[in-house]
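Enquirer: Got a structure for you, written out below as structure tokens; questions coming shortly.
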Amino acid sequence: MKLLLRFLFILCIANTASAQLTPPNFWVASDSLHKPRRNFVAITEASLATATLIGLDRIWYADFPRSSFKFINDNNEWLQMDKAGHVFTSYYVGNIGAEVLRWSGVSKKNQLIFGATLGFGFLTAVEVMDGYSAEWGASWGDVLANGLGTGLYVGQELLWNEQRIKLKYSFHRTRFAELRPNKLGDGFLEETLKDYNGQTYWLSANVHSFFKQSKIPKWFNVAFGYGADGLVAGTIETQREIFPEIKRFRQFYFSIDIDLTKIKTKSKFLNSLFDVINFIKIPAPTLEINSLGKVKFHSIYF
């Protein structure tokens, strides 16, 4: 619900400001610096980030005791699925930060310096808040994962001036959430964020971008995914105490995908919509190899 309200808030601001931010079309990026757009982006990002951090402090962290700042090592938890989530989030928040500055006509250099680092900066601020909580602590692994997500975006822009390999996400409901709804989510929306058993994180590579002279369709991607199954507790020691019969294992996937941003239509709105939803991995035939030594073929996997 909080994410939905933030999204609606952004839409309201954008609609109100569109008359001042439209040279010549709201959906088209400016080919030179457009200061009203740049100022609008800066004020909106700063306001949303500040409101979110204050909200977390007042609504979430206020319910738990505080402590002096500390780091923790949680790298052995959840088979690193939580770290994959940090990489994914940092990559896409940075992607959005760079894209809105591109829309404002900001130079490429400043897009990467002030936009692409947005995810790392915001998530690191959350880690600092974790560091002062007696319940948790700042995680070095999370910070490194945030940096990896930002580095994946910035590195490709510097190397190729485009995102040839994009991070994507897919989700399916599992039987594990009902076993521990407080940890793995209660209801579909919570499960998409908490149930690591149903999440898969993908590296989706656009084949044509690597072989530009080929006749391969520009939208065709191959994808390599990582997931896990049997996760009902963070560490294997805790899981053995409460659910000793459940085996936890890693899953590796190979599949095909579609880069929706390579499908161009005459509609500026539709093209923008494809940009927004392109983080979702398209359901497709998939080969799975897991750490139990088993190989499975899924006719359709999501």
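FYI, nothing fancy with the structure tokens labels: chains A, B, ... in order, residues from 1 per chain, ligands from 1 as they appear.
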Using only C-alpha atoms, find each residue in stretch 7-111 of chain A having at least one atom no more than 8 Å away from stretch 137-147 of chain A; report its shortest atom-to-atom pair and that distance in Å (one decimal), rows by chain then rising number, as a Markdown table.

Expert:
| residue | atom | partner | partner_atom | distance |
| --- | --- | --- | --- | --- |
| A:Phe69 | CA | A:Gly137 | CA | 7.3 |
| A:Lys70 | CA | A:Gly137 | CA | 5.6 |
| A:Phe71 | CA | A:Ala138 | CA | 4.6 |
| A:Ile72 | CA | A:Ser139 | CA | 5.2 |
| A:Asn73 | CA | A:Ser139 | CA | 6.0 |
| A:Asp74 | CA | A:Ser139 | CA | 6.6 |
| A:Asn75 | CA | A:Gly141 | CA | 5.8 |
| A:Lys83 | CA | A:Ala145 | CA | 5.8 |
| A:Ala84 | CA | A:Ala145 | CA | 7.2 |
| A:His86 | CA | A:Asn146 | CA | 5.5 |
| A:Val87 | CA | A:Ala145 | CA | 5.0 |
| A:Thr89 | CA | A:Asn146 | CA | 7.7 |
| A:Ser90 | CA | A:Asn146 | CA | 5.3 |
| A:Tyr91 | CA | A:Asn146 | CA | 7.8 |

Enquirer: Could you give me, as JSON, numbers by chain, the residues within 7 Å of A:Ala284, counting only C-alpha atoms and dropping anything in the same chain fewer than 2 positions from it?

Expert: {"A": [255, 256, 282, 286, 300, 301]}

Enquirer: For the residues selected in the previous step, produce a file with C-alpha atoms as a PDB file, in the first residue's frame.

Expert:
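Result file follows (selection_7.pdb):
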ATOM      1  CA  SER A 255      15.872 -19.409 -20.398  1.00  0.00           C
ATOM      2  CA  ILE A 256      14.923 -17.041 -23.202  1.00  0.00           C
ATOM      3  CA  ILE A 282       8.829 -12.921 -19.482  1.00  0.00           C
ATOM      4  CA  THR A 286      13.351 -22.857 -18.798  1.00  0.00           C
ATOM      5  CA  ILE A 300       6.768 -22.320 -18.753  1.00  0.00           C
ATOM      6  CA  TYR A 301       8.575 -20.847 -15.778  1.00  0.00           C
TER       7      TYR A 301
END

Enquirer: Just list as a list in words whatever in stretch 99-197 of chain A DSSP marks as strand (DSSP E).

Expert: Ala138, Ser139, Ile165, Lys166, Leu167, Lys168, Tyr169, Ser170 and Phe171 of chain A

Enquirer: Considering only helix (DSSP H, G or I) as DSSP defines it on the backbone, what residues of stretch 115-286 of chain A qualify? List them as a PyMOL selection string.

Expert: chain A and resi 115+118-131+140-160+181-184+188-194+196-198+207-210+236-242+260-262+268-277

Enquirer: Give me, as CSV, each residue of stretch 115-174 of chain A that comes within 12 Å of stretch 197-217 of chain A, together with its shortest interatomic pair and the distance in Å at one decimal, counting only C-alpha atoms, with rows ordered by chain and rising residue number.

Expert:
residue,atom,partner,partner_atom,distance
A:Gly149,CA,A:Leu203,CA,11.6
A:Leu152,CA,A:Leu203,CA,10.6
A:Gln156,CA,A:Ala205,CA,11.8
A:Trp160,CA,A:Ser209,CA,9.4
A:Asn161,CA,A:Ser209,CA,11.1
A:Glu162,CA,A:Ser209,CA,9.0
A:Gln163,CA,A:Asn206,CA,8.7
A:Arg164,CA,A:Asn206,CA,5.5
A:Ile165,CA,A:Ala205,CA,4.3
A:Lys166,CA,A:Ser204,CA,5.1
A:Leu167,CA,A:Leu203,CA,4.9
A:Lys168,CA,A:Trp202,CA,4.9
A:Tyr169,CA,A:Tyr201,CA,4.9
A:Ser170,CA,A:Thr200,CA,5.3
A:Phe171,CA,A:Gln199,CA,4.6
A:His172,CA,A:Gly198,CA,4.8
A:Arg173,CA,A:Gly198,CA,5.5
A:Thr174,CA,A:Gly198,CA,5.9
